[in-house]
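Before any comments, here is the structure.
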Amino acid sequence: DTISDLQIVHALQQIGFTHIHIAEFGVDILRTLGNRISVYADERPVISSYCPAVVRLIQLRYPALLRTINLMRTPAQITALFARLEIEDQGDDPADTGVFYITPCAAKYAQIKTPLSATSGLIQGGLNLDSVYNLMQSYIAKNKKESRAATSDKIAFPQISAPAFLWSLTKGESASMPGRTLAVDEVHNVIEFLELVEEDKQQNLDFLELRACATGCTGGILNPRNRFLASERIKHMAQTLPLDIDTATKARITKVSDRMIHNLKVERIEAKHSLKLDQDMGLALQKMEKAKRILEVLPGIDCGLCGSPSCAALAEDIARSMASIRQCTVLKLNDPKGLNTLARIWGELIPVEKTPKQEA
């Protein structure tokens, strides 16, 4: 709380970002386009596609429920699409435009790296929130005077409404949905509830907001702050935000609306009974063996804190170089030094923590 929101925006600009949007701004874009937070699904209750860990869990364990997943793009994807179109209208070459998503969620980070995913072509890369947080902290510490001078006269906080800003927290999405809705967080609770849905015991519900992490996205493993304090700050900030975006921002959205409206729906999600580790059969067998060995090291409790729906899924992601064993919260808490040793065994590069003196 000692650092203002405008100082954060200023620091992001100074470390290299030219345009800054809040991911959940996509909710306001949908409202402006006239879509009442629309859902695209064949059956009820509609299950939110916001959490990629939950979507993947359904792909692997509950394929019969895939017809209930909402095929509307996530707010972050919609925001990325808007940012690209707006930059293109300014005369910049889209090929030279890089859209990066700063996230505390390991599952979203992995989704961005997955070819042919819903984010392909929209978001070029994911950045760990904890890494960006450290960069901003370093900049603010070294440039205190300049940072304190960041005011609303010089810097504009990205436009977003209060309801959209709360979207990432538990109950944030379901609160905006019509009909009977329910929010469930933490992967073990999600699994328990999906069992009920699969048995057709929850047909009276219209919409399900399911999150793998406690408290929603603030529970992501890449969040450098305590998730409860982070949630409280988001709620506190939301009280200072308007209930709707301003007219000028709506005009910007309307300007690109024709090109956005036909790109809001993603392809139907297919079941993945077993992930294809590699196109080459020989390499696939090698990666399968590697995943098996990695799984023996993982705790096997399927807590979901790493962003994967199970330890087996994380092991396969590591074998495919789509994730790191350092994402395992249990191993990190029990033996952080040993975790780096394991990472080296699996061929991962260990980042060197730089002190402010070394960075200078």
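Residue numbers start at 1 in each chain; chains themselves are named A, B, ... in the order of the structure tokens; ligands are numbered from 1 in the order shown.
Running DSSP on the backbone and keeping only strand (DSSP E or B), the residues of range 78-267 of chain A that qualify are Phe100, Tyr101, Ile102, Thr103, Gly125, Gly126, Leu127, Asn128, Leu169, Thr181, Leu182, Ala183, Val184, Asp185, Phe207, Leu208, Glu209, Leu210, Arg211, Gly216 and Lys265 of chain A.
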Query - 8 Å contact set for range 223-225 of chain A, only C-alpha atoms, chain neighbours under 2 positions out, as a PyMOL selection string - result: chain A and resi 103-105+129-130+133+218-221+227+229-230
Requested in this report: Could you check how far CA of Leu194 in chain A sits from CA of Asn70 in chain A, in Å to one decimal?
Outcome: 15.1 Å
Report task. Enumerate as a PyMOL selection string all residues of range 136-333 of chain A assigned to helix (DSSP H, G or I) by DSSP on the backbone, naming them with the chain letters and numbers the document uses. Result -> chain A and resi 136-142+144-148+162-165+174-176+187-198+217-219+227-238+247-255+257-263+281-297+311-319+325-327+329-333
Query raised in the report: Counting only C-alpha atoms, what is within 8 Å of range 197-214 of chain A, bar same-chain residues fewer than 4 positions away, as an NGL selection string?
Result: :A and (44-48 or 51 or 53-54 or 62 or 64-65 or 170-171 or 173-174 or 177-187 or 190 or 193 or 218-220 or 304-305 or 307 or 309)
Query - Residue with smallest distance to Thr79 in chain A - pool A:Leu12, A:Leu135, A:Ile253, A:Cys217, counting only C-alpha atoms - result: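 Selected residue with least distance to Thr79 in chain A: A:Ile253.
Proximity ranking of A:Asn334, A:Thr247, A:Gln286, A:Ser176 relative to Leu298 in chain A places A:Asn334 first, based on only C-alpha atoms.
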Query raised in the report: Between A:Leu222, A:Ile140, A:Met260, A:Leu71, which is the closest to Val9 in chain A once you count only C-alpha atoms?
Result: A:Ile140
**Report entry** Within 10 Å of Pro75 in chain A using only C-alpha atoms, minus same-chain residues under 5 positions, as a ChimeraX atom specification
**Finding:** /A:22-30,50,80-81,164,167-168,264
Requested in this report: Mind checking which residues fall within 9 Å of Arg56 in chain A, counting only C-alpha atoms, ignoring those fewer than 3 positions away in the same chain, and posting them as a list in words?
Outcome: Cys51, Pro52, Ala53, Gln59, Leu60, Arg61, Ala271, Lys272, Ser308 and Pro309 of chain A
